[in-house]
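As stored in protein10.txt (compact mmCIF, C-alpha atoms):
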```txt
# COMPACT_ATOMS: atom_id res chain seq x y z
CA MET A 562 -29.75 49.56 -44.96
CA ASP A 563 -29.34 45.88 -45.56
CA TRP A 564 -25.73 44.75 -45.61
CA GLN A 565 -26.59 41.06 -45.89
CA ILE A 566 -26.41 41.24 -49.66
CA VAL A 567 -22.91 42.71 -49.58
CA TRP A 568 -21.61 40.08 -47.12
CA GLU A 569 -23.00 37.29 -49.27
CA SER A 570 -21.20 38.71 -52.30
CA VAL A 571 -17.74 39.02 -50.75
CA PRO A 572 -16.25 36.12 -52.80
CA LEU A 573 -17.62 37.66 -56.01
CA ILE A 574 -16.31 41.13 -55.15
CA TRP A 575 -12.94 39.61 -54.22
CA LYS A 576 -12.73 37.93 -57.63
CA GLY A 577 -13.56 41.23 -59.30
CA ALA A 578 -11.02 43.11 -57.21
CA SER A 579 -8.25 40.73 -58.27
CA THR A 580 -9.16 41.25 -61.95
CA THR A 581 -9.13 45.01 -61.35
CA VAL A 582 -5.67 44.79 -59.79
CA SER A 583 -4.25 42.67 -62.62
CA LEU A 584 -5.72 44.99 -65.28
CA PHE A 585 -4.09 47.89 -63.44
CA ALA A 586 -0.73 46.15 -62.99
CA TRP A 587 -0.42 45.01 -66.62
CA ALA A 588 -1.42 48.38 -68.03
CA LEU A 589 0.91 50.26 -65.68
CA LEU A 590 3.83 47.96 -66.54
CA ILE A 591 3.38 48.02 -70.33
CA GLY A 592 2.39 51.70 -70.31
CA THR A 593 5.43 52.76 -68.30
CA VAL A 594 7.84 50.96 -70.63
CA GLY A 595 6.10 52.65 -73.59
CA ALA A 596 6.20 56.01 -71.79
CA LEU A 597 9.95 55.76 -71.18
CA ALA A 598 10.52 55.02 -74.87
CA LEU A 599 8.27 57.94 -75.90
CA ALA A 600 9.97 60.34 -73.48
CA LEU A 601 13.43 59.43 -74.81
CA MET A 602 12.15 59.81 -78.40
CA ARG A 603 10.75 63.23 -77.50
CA LEU A 604 14.18 64.29 -76.22
CA ALA A 605 16.06 62.73 -79.15
CA SER A 606 17.83 64.84 -81.78
CA PHE A 607 16.40 62.72 -84.65
CA LYS A 608 13.34 64.76 -85.73
CA PRO A 609 10.97 61.93 -86.86
CA PHE A 610 11.26 60.42 -83.34
CA VAL A 611 10.21 63.77 -81.85
CA TRP A 612 7.26 64.10 -84.26
CA PHE A 613 6.12 60.56 -83.53
CA ALA A 614 6.20 61.16 -79.76
CA VAL A 615 4.33 64.48 -80.06
CA PHE A 616 1.69 62.94 -82.35
CA PHE A 617 1.22 59.92 -80.07
CA GLY A 618 0.68 62.22 -77.08
CA TRP A 619 -1.78 64.47 -78.91
CA LEU A 620 -3.76 61.51 -80.22
CA PHE A 621 -4.08 59.40 -77.09
CA ARG A 622 -4.57 62.32 -74.72
CA GLY A 623 -7.19 63.89 -76.97
CA ILE A 624 -9.49 60.88 -77.29
CA PRO A 625 -11.58 59.68 -74.34
CA LEU A 626 -10.27 56.43 -72.89
CA LEU A 627 -13.70 54.90 -73.36
CA ILE A 628 -13.46 55.45 -77.13
CA LEU A 629 -10.05 53.71 -77.08
CA LEU A 630 -11.62 50.80 -75.20
CA PHE A 631 -14.50 50.54 -77.67
CA TYR A 632 -11.99 50.71 -80.51
CA ALA A 633 -9.97 47.84 -79.09
CA PHE A 634 -13.09 45.83 -78.33
CA PHE A 635 -15.39 46.51 -81.32
CA ALA A 636 -13.16 47.81 -84.12
CA LEU A 637 -9.98 45.69 -83.88
CA PRO A 638 -11.84 42.37 -84.41
CA GLU A 639 -13.34 43.96 -87.52
CA ALA A 640 -9.78 44.57 -88.73
CA GLY A 641 -9.02 40.90 -88.10
CA TRP A 642 -7.29 41.24 -84.73
CA VAL A 643 -9.32 39.44 -82.10
CA LEU A 644 -8.29 39.94 -78.48
CA SER A 645 -10.07 38.70 -75.36
CA PRO A 646 -11.93 41.50 -73.54
CA PHE A 647 -9.25 41.52 -70.83
CA TRP A 648 -6.34 41.99 -73.25
CA ALA A 649 -8.27 44.48 -75.38
CA ALA A 650 -8.71 46.53 -72.21
CA VAL A 651 -5.03 46.13 -71.26
CA LEU A 652 -4.10 47.38 -74.75
CA ALA A 653 -6.29 50.50 -74.48
CA PHE A 654 -5.20 51.27 -70.90
CA SER A 655 -1.52 50.80 -71.83
CA LEU A 656 -1.72 53.26 -74.74
CA TRP A 657 -3.44 55.77 -72.45
CA THR A 658 -0.85 55.27 -69.69
CA ALA A 659 2.05 55.56 -72.13
CA ALA A 660 0.74 58.90 -73.45
CA TYR A 661 0.26 60.45 -69.99
CA GLN A 662 3.32 59.00 -68.23
CA ALA A 663 5.56 60.01 -71.17
CA GLU A 664 4.82 63.65 -70.27
CA VAL A 665 5.68 62.96 -66.62
CA ILE A 666 8.97 61.25 -67.50
CA ARG A 667 9.91 63.90 -70.05
CA SER A 668 9.28 66.81 -67.71
CA GLY A 669 11.11 64.98 -64.91
CA ILE A 670 14.16 64.50 -67.13
CA SER A 671 14.03 68.11 -68.38
CA ALA A 672 13.83 69.36 -64.80
CA VAL A 673 17.29 67.96 -63.97
CA GLU A 674 19.70 70.87 -63.68
CA PRO A 675 21.56 71.58 -66.96
CA GLY A 676 24.89 71.64 -65.07
CA GLN A 677 24.50 67.88 -64.53
CA TRP A 678 24.37 67.28 -68.30
CA GLU A 679 27.35 69.52 -68.90
CA ALA A 680 29.38 67.93 -66.11
CA SER A 681 28.62 64.44 -67.49
CA GLU A 682 29.78 65.46 -70.96
CA ALA A 683 32.85 67.17 -69.55
CA LEU A 684 33.75 63.86 -67.88
CA GLY A 685 33.56 62.17 -71.31
CA MET A 686 30.57 59.95 -70.46
CA SER A 687 28.51 58.61 -73.37
CA ARG A 688 24.91 59.86 -73.66
CA LEU A 689 23.45 56.44 -72.87
CA HIS A 690 25.75 56.12 -69.86
CA TYR A 691 24.97 59.49 -68.29
CA MET A 692 21.23 59.29 -69.00
CA ARG A 693 21.10 55.96 -67.17
CA ARG A 694 23.49 56.76 -64.33
CA ILE A 695 23.19 60.51 -63.78
CA ILE A 696 20.06 62.12 -65.28
CA ILE A 697 17.25 59.55 -64.88
CA PRO A 698 18.08 58.72 -61.24
CA GLN A 699 17.82 62.42 -60.38
CA GLY A 700 14.68 62.85 -62.49
CA ILE A 701 12.87 60.07 -60.63
CA ARG A 702 12.55 62.23 -57.53
CA ILE A 703 10.63 64.84 -59.53
CA MET A 704 8.52 62.20 -61.30
CA VAL A 705 7.14 60.40 -58.24
CA PRO A 706 4.14 62.66 -57.39
CA PRO A 707 2.72 63.13 -60.93
CA TYR A 708 3.47 59.48 -61.79
CA THR A 709 1.47 58.29 -58.79
CA SER A 710 -1.34 60.68 -59.56
CA ASN A 711 -1.61 59.22 -63.09
CA ALA A 712 -1.42 55.70 -61.66
CA MET A 713 -4.34 56.57 -59.35
CA THR A 714 -6.32 57.80 -62.34
CA LEU A 715 -5.49 54.57 -64.20
CA LEU A 716 -6.68 52.47 -61.28
CA LYS A 717 -9.99 54.35 -61.24
CA GLN A 718 -10.30 54.19 -65.03
CA THR A 719 -10.05 50.37 -65.00
CA SER A 720 -13.70 50.57 -63.89
CA LEU A 721 -14.54 51.52 -67.49
CA ALA A 722 -13.57 47.99 -68.56
CA THR A 723 -17.00 47.00 -67.29
CA LEU A 724 -18.41 48.51 -70.51
CA VAL A 725 -16.42 46.05 -72.62
CA THR A 726 -17.50 43.08 -70.47
CA VAL A 727 -14.28 42.52 -68.51
CA PRO A 728 -15.44 40.85 -65.27
CA GLU A 729 -13.69 43.30 -62.97
CA MET A 730 -14.96 44.73 -59.70
CA THR A 731 -17.44 47.24 -61.09
CA LEU A 732 -19.05 44.74 -63.47
CA LEU A 733 -19.47 42.09 -60.78
CA THR A 734 -20.90 44.67 -58.34
CA GLN A 735 -23.32 45.84 -61.03
CA ARG A 736 -24.43 42.23 -61.34
CA ILE A 737 -25.25 42.21 -57.59
CA PHE A 738 -27.41 45.30 -57.73
CA SER A 739 -29.14 44.51 -60.97
CA ASN A 740 -30.17 41.14 -59.51
CA ASN A 741 -31.44 42.54 -56.22
CA PHE A 742 -32.50 46.12 -56.90
CA LYS A 743 -30.60 47.15 -53.78
CA PHE A 744 -28.37 49.96 -54.93
CA ILE A 745 -27.03 51.90 -51.98
CA GLU A 746 -25.14 49.13 -50.20
CA PRO A 747 -23.25 47.58 -53.15
CA ILE A 748 -22.37 50.99 -54.64
CA PHE A 749 -21.17 52.21 -51.24
CA ALA A 750 -19.05 49.06 -50.78
CA LEU A 751 -17.60 49.47 -54.29
CA ALA A 752 -16.73 53.10 -53.62
CA MET A 753 -15.02 52.20 -50.34
CA ILE A 754 -12.88 49.49 -51.97
CA TYR A 755 -11.70 51.89 -54.68
CA LEU A 756 -11.05 54.52 -52.02
CA ALA A 757 -8.95 52.03 -50.04
CA MET A 758 -6.97 51.06 -53.16
CA THR A 759 -6.27 54.67 -54.19
CA THR A 760 -5.37 55.57 -50.60
CA LEU A 761 -2.83 52.71 -50.63
CA LEU A 762 -1.28 54.27 -53.73
CA LEU A 763 -1.06 57.63 -51.92
CA ILE A 764 0.75 55.90 -49.04
CA GLY A 765 3.05 54.27 -51.60
CA GLN A 766 3.76 57.74 -52.99
CA ALA A 767 4.72 59.08 -49.55
CA LEU A 768 7.07 56.10 -49.02
CA ALA A 769 8.63 56.55 -52.48
CA GLU A 770 9.12 60.26 -51.88
CA ARG A 771 10.91 59.48 -48.65
CA ALA A 772 13.07 56.81 -50.33
CA PHE A 773 14.15 59.19 -53.11
CA ARG A 774 14.53 62.34 -51.02
CA LEU A 775 17.76 64.30 -51.06
CA ARG A 776 20.13 63.33 -48.27
CA VAL A 777 22.21 66.33 -47.37
CA MET W 1179 -11.08 44.70 -95.34
CA GLU W 1180 -13.03 47.45 -97.11
CA LEU W 1181 -13.80 50.68 -95.29
CA ASP W 1182 -16.94 52.50 -96.33
CA TRP W 1183 -16.91 56.03 -94.94
CA SER W 1184 -20.32 56.95 -96.36
CA VAL W 1185 -21.82 55.43 -93.19
CA VAL W 1186 -20.45 58.42 -91.27
CA LEU W 1187 -22.23 60.87 -93.59
CA ARG W 1188 -25.45 58.89 -93.45
CA SER W 1189 -25.37 58.86 -89.63
CA TRP W 1190 -24.24 62.45 -89.31
CA ASP W 1191 -27.59 63.73 -87.92
CA LEU W 1192 -27.48 61.18 -85.12
CA LEU W 1193 -23.80 61.80 -84.40
CA TRP W 1194 -24.48 65.52 -84.20
CA ALA W 1195 -27.43 64.94 -81.84
CA GLY W 1196 -25.06 62.91 -79.65
CA THR W 1197 -22.43 65.64 -79.80
CA ARG W 1198 -25.01 68.18 -78.61
CA ILE W 1199 -25.79 66.04 -75.55
CA THR W 1200 -22.05 65.66 -74.92
CA LEU W 1201 -21.70 69.46 -74.99
CA LEU W 1202 -24.72 69.90 -72.70
CA LEU W 1203 -23.27 67.44 -70.15
CA PHE W 1204 -19.87 69.11 -70.46
CA GLY W 1205 -21.12 72.70 -70.11
CA LEU W 1206 -23.43 72.19 -67.15
CA SER W 1207 -21.12 69.82 -65.24
CA LEU W 1208 -18.25 72.28 -65.76
CA VAL W 1209 -20.33 75.14 -64.29
CA LEU W 1210 -21.35 72.97 -61.31
CA ALA W 1211 -17.75 71.81 -60.79
CA THR W 1212 -16.36 75.35 -60.96
CA VAL W 1213 -18.85 76.86 -58.51
CA LEU W 1214 -18.55 73.91 -56.10
CA GLY W 1215 -14.77 73.85 -56.57
CA LEU W 1216 -14.47 77.55 -55.69
CA ALA W 1217 -16.63 77.03 -52.60
CA LEU W 1218 -14.52 74.03 -51.53
CA ALA W 1219 -11.28 75.96 -52.10
CA LEU W 1220 -12.51 78.88 -49.95
CA MET W 1221 -13.68 76.41 -47.28
CA ARG W 1222 -10.25 74.81 -47.28
CA LEU W 1223 -8.69 78.25 -46.63
CA SER W 1224 -11.27 79.17 -44.00
CA ARG W 1225 -10.52 79.75 -40.32
CA PHE W 1226 -13.24 77.32 -39.21
CA TRP W 1227 -11.91 73.81 -38.80
CA LEU W 1228 -15.24 72.19 -39.65
CA LEU W 1229 -15.29 73.80 -43.10
CA ARG W 1230 -11.62 72.91 -43.65
CA TRP W 1231 -12.19 69.25 -42.75
CA PHE W 1232 -15.32 69.02 -44.88
CA SER W 1233 -13.33 70.27 -47.87
CA ILE W 1234 -10.41 67.90 -47.22
CA GLY W 1235 -12.80 64.96 -46.82
CA TYR W 1236 -14.71 65.84 -49.99
CA VAL W 1237 -11.55 66.06 -52.09
CA TRP W 1238 -10.10 62.81 -50.70
CA LEU W 1239 -13.40 60.99 -51.29
CA PHE W 1240 -14.11 62.12 -54.85
CA ARG W 1241 -10.50 61.87 -56.03
CA GLY W 1242 -10.36 58.32 -54.71
CA ILE W 1243 -13.53 57.03 -56.36
CA PRO W 1244 -13.89 56.33 -60.11
CA VAL W 1245 -16.20 58.74 -61.92
CA LEU W 1246 -18.18 55.70 -63.07
CA VAL W 1247 -19.00 54.82 -59.46
CA THR W 1248 -19.97 58.45 -58.75
CA LEU W 1249 -22.29 58.29 -61.76
CA PHE W 1250 -23.83 55.05 -60.47
CA PHE W 1251 -24.44 56.77 -57.15
CA ALA W 1252 -26.01 59.81 -58.84
CA PHE W 1253 -28.19 57.68 -61.10
CA PHE W 1254 -29.24 54.70 -58.97
CA VAL W 1255 -29.32 56.37 -55.55
CA LEU W 1256 -29.96 60.11 -56.01
CA GLY W 1257 -31.82 59.64 -59.29
CA ARG W 1258 -34.30 57.13 -57.84
CA ARG W 1259 -34.73 59.05 -54.60
CA PHE W 1260 -35.41 62.42 -56.26
CA GLY W 1261 -36.78 61.29 -59.61
CA LEU W 1262 -33.97 62.73 -61.76
CA THR W 1263 -33.64 62.13 -65.48
CA PRO W 1264 -30.44 60.33 -66.59
CA VAL W 1265 -29.04 63.59 -67.99
CA GLN W 1266 -29.68 65.43 -64.69
CA ALA W 1267 -28.06 62.59 -62.73
CA GLY W 1268 -25.16 62.60 -65.20
CA ILE W 1269 -24.54 66.32 -64.74
CA LEU W 1270 -24.56 65.92 -60.95
CA GLY W 1271 -22.23 62.90 -61.01
CA LEU W 1272 -19.74 64.45 -63.45
CA GLY W 1273 -19.91 67.79 -61.62
CA PHE W 1274 -19.34 66.31 -58.14
CA ASP W 1275 -16.35 64.35 -59.46
CA ALA W 1276 -14.74 67.29 -61.26
CA ALA W 1277 -15.35 69.70 -58.33
CA ALA W 1278 -12.71 67.87 -56.26
CA TYR W 1279 -10.06 68.58 -58.91
CA LYS W 1280 -11.22 72.17 -59.50
CA ALA W 1281 -11.03 72.82 -55.75
CA GLU W 1282 -7.38 71.75 -55.62
CA ILE W 1283 -6.53 73.83 -58.70
CA ILE W 1284 -8.23 76.97 -57.36
CA ARG W 1285 -6.71 76.52 -53.89
CA ALA W 1286 -3.19 76.16 -55.34
CA GLY W 1287 -3.77 79.30 -57.42
CA ILE W 1288 -5.00 81.36 -54.45
CA MET W 1289 -2.08 80.17 -52.31
CA SER W 1290 0.40 81.22 -54.98
CA VAL W 1291 -0.52 84.91 -54.57
CA ASP W 1292 2.29 86.82 -52.85
CA PRO W 1293 1.65 87.11 -49.07
CA GLY W 1294 2.54 90.81 -49.34
CA GLN W 1295 -0.79 91.32 -51.14
CA TYR W 1296 -2.71 90.02 -48.11
CA GLU W 1297 -0.69 92.18 -45.75
CA ALA W 1298 -1.14 95.28 -47.90
CA SER W 1299 -4.91 94.65 -48.13
CA GLU W 1300 -5.15 94.32 -44.37
CA ALA W 1301 -2.99 97.38 -43.87
CA LEU W 1302 -5.53 99.25 -46.03
CA ALA W 1303 -8.26 98.02 -43.66
CA MET W 1304 -10.12 96.02 -46.31
CA THR W 1305 -12.40 93.28 -45.02
CA ARG W 1306 -11.43 89.67 -45.76
CA ARG W 1307 -14.31 89.13 -48.16
CA HIS W 1308 -13.56 92.39 -49.92
CA TYR W 1309 -9.87 91.72 -50.52
CA MET W 1310 -10.38 88.03 -51.38
CA PHE W 1311 -12.74 88.88 -54.24
CA ARG W 1312 -11.12 92.17 -55.33
CA ILE W 1313 -7.40 91.60 -54.78
CA ILE W 1314 -6.44 87.95 -54.25
CA ILE W 1315 -8.72 85.93 -56.57
CA PRO W 1316 -8.21 88.21 -59.61
CA GLN W 1317 -4.45 87.79 -59.26
CA SER W 1318 -4.71 84.03 -58.81
CA ILE W 1319 -6.57 83.58 -62.11
CA ARG W 1320 -3.34 83.85 -64.09
CA VAL W 1321 -1.91 80.86 -62.20
CA ILE W 1322 -5.19 78.93 -62.31
CA VAL W 1323 -5.86 79.18 -66.07
CA PRO W 1324 -3.37 76.58 -67.42
CA THR W 1325 -4.18 73.80 -64.91
CA TYR W 1326 -7.90 74.67 -64.97
CA MET W 1327 -7.99 74.33 -68.74
CA SER W 1328 -6.10 71.05 -68.89
CA ASN W 1329 -8.46 69.66 -66.26
CA THR W 1330 -11.39 70.95 -68.33
CA ILE W 1331 -10.20 68.76 -71.21
CA LEU W 1332 -10.46 65.80 -68.83
CA VAL W 1333 -14.01 66.89 -67.90
CA LEU W 1334 -14.95 66.88 -71.58
CA LYS W 1335 -13.54 63.40 -72.09
CA ALA W 1336 -15.18 62.14 -68.88
CA THR W 1337 -18.63 62.89 -70.32
CA SER W 1338 -18.18 59.75 -72.44
CA VAL W 1339 -18.56 57.67 -69.26
CA ALA W 1340 -22.20 58.83 -69.07
CA VAL W 1341 -22.97 56.10 -71.60
CA ALA W 1342 -22.88 53.71 -68.62
CA ILE W 1343 -26.07 55.20 -67.13
CA GLY W 1344 -27.92 55.08 -70.42
CA ILE W 1345 -27.30 58.60 -71.70
CA VAL W 1346 -27.06 58.54 -75.48
CA GLU W 1347 -24.33 61.13 -75.96
CA LEU W 1348 -21.64 60.95 -78.66
CA THR W 1349 -20.07 57.72 -77.36
CA GLY W 1350 -23.46 56.15 -76.72
CA ILE W 1351 -24.88 56.95 -80.15
CA THR W 1352 -21.66 55.72 -81.78
CA ARG W 1353 -21.90 52.42 -79.94
CA GLN W 1354 -25.54 51.98 -80.99
CA LEU W 1355 -24.78 52.85 -84.61
CA SER W 1356 -21.80 50.53 -84.66
CA ASN W 1357 -23.97 47.67 -83.37
CA SER W 1358 -26.65 48.27 -85.99
CA THR W 1359 -24.37 48.89 -88.98
CA THR W 1360 -21.46 46.59 -88.08
CA GLN W 1361 -19.05 49.29 -89.21
CA PRO W 1362 -17.31 50.09 -85.92
CA ILE W 1363 -14.01 51.22 -87.44
CA GLU W 1364 -15.51 54.07 -89.48
CA LEU W 1365 -17.91 55.19 -86.75
CA PHE W 1366 -15.49 55.10 -83.82
CA THR W 1367 -12.88 56.90 -85.92
CA ALA W 1368 -15.46 59.61 -86.64
CA ALA W 1369 -16.31 59.91 -82.93
CA ALA W 1370 -12.61 60.04 -82.04
CA LEU W 1371 -12.11 62.86 -84.55
CA VAL W 1372 -15.03 64.82 -83.08
CA TYR W 1373 -13.51 64.47 -79.60
CA LEU W 1374 -10.06 65.43 -80.93
CA ALA W 1375 -11.55 68.52 -82.58
CA LEU W 1376 -13.33 69.53 -79.35
CA THR W 1377 -10.23 68.98 -77.18
CA THR W 1378 -8.09 70.85 -79.71
CA VAL W 1379 -10.50 73.82 -79.48
CA LEU W 1380 -9.99 73.78 -75.70
CA VAL W 1381 -6.20 73.68 -76.12
CA VAL W 1382 -6.37 76.72 -78.43
CA LEU W 1383 -8.69 78.48 -75.98
CA GLN W 1384 -6.18 77.80 -73.20
CA GLY W 1385 -3.48 79.59 -75.22
CA VAL W 1386 -5.78 82.58 -75.83
CA LEU W 1387 -6.76 82.82 -72.14
CA GLU W 1388 -3.15 82.52 -70.99
CA ARG W 1389 -2.22 85.42 -73.23
CA GLN W 1390 -5.28 87.38 -72.03
CA PHE W 1391 -4.33 87.02 -68.37
CA ALA W 1392 -0.57 87.39 -68.85
CA LEU W 1393 1.11 90.08 -66.76
CA LYS W 1394 1.33 93.29 -68.74
CA THR W 1395 4.62 94.92 -67.84
```
Target format structure tokens, applied to this file:
Amino acid sequence: MDWQIVWESVPLIWKGASTTVSLFAWALLIGTVGALALALMRLASFKPFVWFAVFFGWLFRGIPLLILLFYAFFALPEAGWVLSPFWAAVLAFSLWTAAYQAEVIRSGISAVEPGQWEASEALGMSRLHYMRRIIIPQGIRIMVPPYTSNAMTLLKQTSLATLVTVPEMTLLTQRIFSNNFKFIEPIFALAMIYLAMTTLLLIGQALAERAFRLRV
Amino acid sequence: MELDWSVVLRSWDLLWAGTRITLLLFGLSLVLATVLGLALALMRLSRFWLLRWFSIGYVWLFRGIPVLVTLFFAFFVLGRRFGLTPVQAGILGLGFDAAAYKAEIIRAGIMSVDPGQYEASEALAMTRRHYMFRIIIPQSIRVIVPTYMSNTILVLKATSVAVAIGIVELTGITRQLSNSTTQPIELFTAAALVYLALTTVLVVLQGVLERQFALKT
């Protein structure tokens, strides 16, 4: 084992890690907003909204994320919409996140006890009002574990952006080992950094679960 | 912008060859993941702490690392050490990654079986191995099927990542064709439809299996 090569590359790996984190953060932010909209459409009484949400979920959960990335990177420019590799990747990751997190949000909302809906209506609250003040706050507790698990998957999937030339952590680490033909050490270091990042998310999940737990 | 779909028909032989490699990767990595996942689930439920901790460590490790990095490990480290072909390394990498998820799914299914079944088996003086394989696991299958199948759809889609270690499966062949024909929209749409068809088959299969294993009362 020769760790010299990894130590020398710390600044490079650090740069890659920060790109990985910003890819993750942008996609999670945009994807979650999209997911909330899709979940509310799915629960709407206006049928075309429901169909759209169902179709969106079927489409973006049925196609491999890598195909979405290649679409954004190779096919969109052909259609006259040129994005930088970074934003093409954010677009693909956001669509993927929206499709998966919409299911999490929808099932969280549906899991809230029906009595809460009835009580809100009996008190004469408007639908918008009780969704925002009564139902969603109670649904969040149910959503935390599956939401975090999808977020972990997203974080790991950002590694695929290496295939559309986004200079994130995996791409820069690949550059180290393809220059030196030393594979074990850089791949091991890369794995450990991802493991640390996903473990941080798991700790975040435990903290969120404690923050949202029932106080009786 | 003019779309010319005839390129899909002209490249169909190559796309089909890629699809066959995708199915090969999918089938063999699914078998590896299921066998390894069952072993890990039984280890996790074992009385020996060493087996339990190995299983916990394995699941934490492989769920925390991107499948791409696992594939790099299989290809650049294992592949060079043991002289594996890219497809063999791909099957190992995809299988090791998926096994962590299968283990959790199988463990949750086994744990959902009513404790009364264990007690009754022991009261009938069955050995642990005997009642695990004859009483507990058969009953857990009903609970395992839905989550197992939705994870299997993820395994199918994950095979596309194998393009990164030079395997020319469906995604790989599509990328090559799109570079040589400069018609990425038509070709990637065709690939997406093939994947959608395959995942839709799995969704239908899930429904059939759920009905097959439903409780008959």
Original post:
For Met562 of chain A, which residue out of A:Phe749, A:Ala640, A:Leu721, A:Ile574 is the nearest one, using only C-alpha atoms?
Top reply: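 Among the listed residues, A:Phe749 lies closest to Met562 of chain A.
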**OP:** Can you work out the spacing between atom CA of Ala1267 of chain W and atom CA of Leu1348 of chain W in Å, to one decimal?
**Re:**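 Taking atom CA of Ala1267 of chain W and atom CA of Leu1348 of chain W, their separation equals 17.3 Å.
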Subject >> Gap from atom CA of Gln766 of chain A to atom CA of Ile701 of chain A - Å, one decimal >> reply: 12.1 Å
Original post:
Using only C-alpha atoms, which of the listed residues (A:Phe742, A:Trp564, A:Phe617, A:Tyr691) sits closest to Gly595 of chain A?
Top reply: A:Phe617
Subject >> atom CA of Val1379 of chain W to atom CA of Thr1200 of chain W, distance in Å rounded to a single decimal >> reply: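 So the answer is 14.9 Å.
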Specify the axis-aligned box that encloses all atoms of segment 1241-1246 of chain W listed in the file after padding of 3 Å on each side, stating its centre and edge lengths in Å to one decimal as lines of an AutoDock Vina configuration file.
```
center_x = -14.3
center_y = 58.8
center_z = -58.9
size_x = 13.8
size_y = 12.2
size_z = 14.4
```
Original post:
So which residues touch Ala752 of chain A within 9 Å, counting only C-alpha atoms, skipping near sequence neighbours fewer than 5 positions away, as a PyMOL selection string?
Top reply: (chain A and resi 747+757) or (chain W and resi 1239+1242-1244+1247-1248)
Could you turn the residues from that selection into a file that holds C-alpha atoms, as a PDB file, in the frame of the given file?
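Produced file part.pdb, reproduced below:
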```pdb
ATOM      1  CA  PRO A 747     -23.250  47.580 -53.150  1.00  0.00           C
ATOM      2  CA  ALA A 757      -8.950  52.030 -50.040  1.00  0.00           C
TER       3      ALA A 757
ATOM      4  CA  LEU W1239     -13.400  60.990 -51.290  1.00  0.00           C
ATOM      5  CA  GLY W1242     -10.360  58.320 -54.710  1.00  0.00           C
ATOM      6  CA  ILE W1243     -13.530  57.030 -56.360  1.00  0.00           C
ATOM      7  CA  PRO W1244     -13.890  56.330 -60.110  1.00  0.00           C
ATOM      8  CA  VAL W1247     -19.000  54.820 -59.460  1.00  0.00           C
ATOM      9  CA  THR W1248     -19.970  58.450 -58.750  1.00  0.00           C
TER      10      THR W1248
END
```
Subject >> Shell around Leu1181 of chain W at 10 Å using only C-alpha atoms, local window under 6 positions removed, as a list of chain:residue names >> reply: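 Neighbouring residues, sequence-local ones excluded: A:Ala640, W:Gln1361, W:Ile1363, W:Glu1364.
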**OP:** Find the residues around Val1339 of chain W up to 8 Å (only C-alpha atoms counted), leave out those fewer than 6 positions away in its own chain, and share them as number ranges by chain.
**Re:** A: 627, 721; W: 1245-1246
Per residue of chain A within 9 Å of chain W, what are the shortest atom pair and its distance in Å to one decimal, counting all atoms listed in the file, with rows by chain and residue number, as CSV?
```
residue,atom,partner,partner_atom,distance
A:Trp619,CA,W:Leu1374,CA,8.6
A:Leu620,CA,W:Leu1374,CA,7.5
A:Arg622,CA,W:Leu1374,CA,8.9
A:Gly623,CA,W:Leu1374,CA,5.1
A:Ile624,CA,W:Ala1370,CA,5.7
A:Pro625,CA,W:Lys1335,CA,4.8
A:Leu626,CA,W:Lys1335,CA,7.7
A:Leu627,CA,W:Ser1338,CA,6.7
A:Ile628,CA,W:Ala1370,CA,6.8
A:Leu629,CA,W:Ala1370,CA,8.4
A:Phe631,CA,W:Phe1366,CA,7.7
A:Tyr632,CA,W:Phe1366,CA,6.5
A:Phe635,CA,W:Pro1362,CA,6.1
A:Ala636,CA,W:Ile1363,CA,4.8
A:Leu637,CA,W:Ile1363,CA,7.7
A:Glu639,CA,W:Ile1363,CA,7.3
A:Ala640,CA,W:Met1179,CA,6.7
A:Gly641,CA,W:Met1179,CA,8.4
A:Met713,CA,W:Gly1242,CA,7.8
A:Thr714,CA,W:Pro1244,CA,8.0
A:Leu716,CA,W:Pro1244,CA,8.3
A:Lys717,CA,W:Pro1244,CA,4.5
A:Gln718,CA,W:Pro1244,CA,6.5
A:Thr719,CA,W:Pro1244,CA,8.6
A:Ser720,CA,W:Leu1246,CA,6.9
A:Leu721,CA,W:Leu1246,CA,7.1
A:Leu724,CA,W:Ala1342,CA,7.1
A:Thr731,CA,W:Val1247,CA,7.9
A:Phe744,CA,W:Phe1254,CA,6.3
A:Ile745,CA,W:Val1255,CA,6.2
A:Ile748,CA,W:Phe1251,CA,6.6
A:Phe749,CA,W:Phe1251,CA,8.1
A:Leu751,CA,W:Val1247,CA,7.6
A:Ala752,CA,W:Ile1243,CA,5.8
A:Met753,CA,W:Ile1243,CA,7.9
A:Ile754,CA,W:Ile1243,CA,8.7
A:Tyr755,CA,W:Ile1243,CA,5.7
A:Leu756,CA,W:Gly1242,CA,4.7
A:Ala757,CA,W:Gly1242,CA,8.0
A:Met758,CA,W:Gly1242,CA,8.2
A:Thr759,CA,W:Gly1242,CA,5.5
A:Thr760,CA,W:Gly1242,CA,7.0
```
**OP:** Within 10 Å of Met1221 of chain W, counting all atoms listed in the file, which residues show up once you throw out same-chain ones fewer than 4 positions away? Write them as a ChimeraX atom specification, please.
**Re:** /W:1215-1217,1225-1234,1281,1285
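Distance annotation: of A:Leu573, A:Ala660, A:Ala578, A:Val643, the residue with the minimal separation from Ala614 of chain A is A:Ala660; atom set is all atoms listed in the file.
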Original post:
Around (14.1, 69.8, -66.0) in the file's own coordinates, what residues are found within 12 Å if you use only C-alpha atoms, given back as number ranges by chain?
Top reply: A: 604, 664-678, 696-697, 699-704
Original post:
With all atoms listed in the file as the atoms that count, which of W:Leu1272, W:Val1386, W:Leu1218, W:Met1310 lies nearest to Gly1205 of chain W?
Top reply: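 Once distances to Gly1205 of chain W are computed over all atoms listed in the file, the minimum belongs to W:Leu1272.
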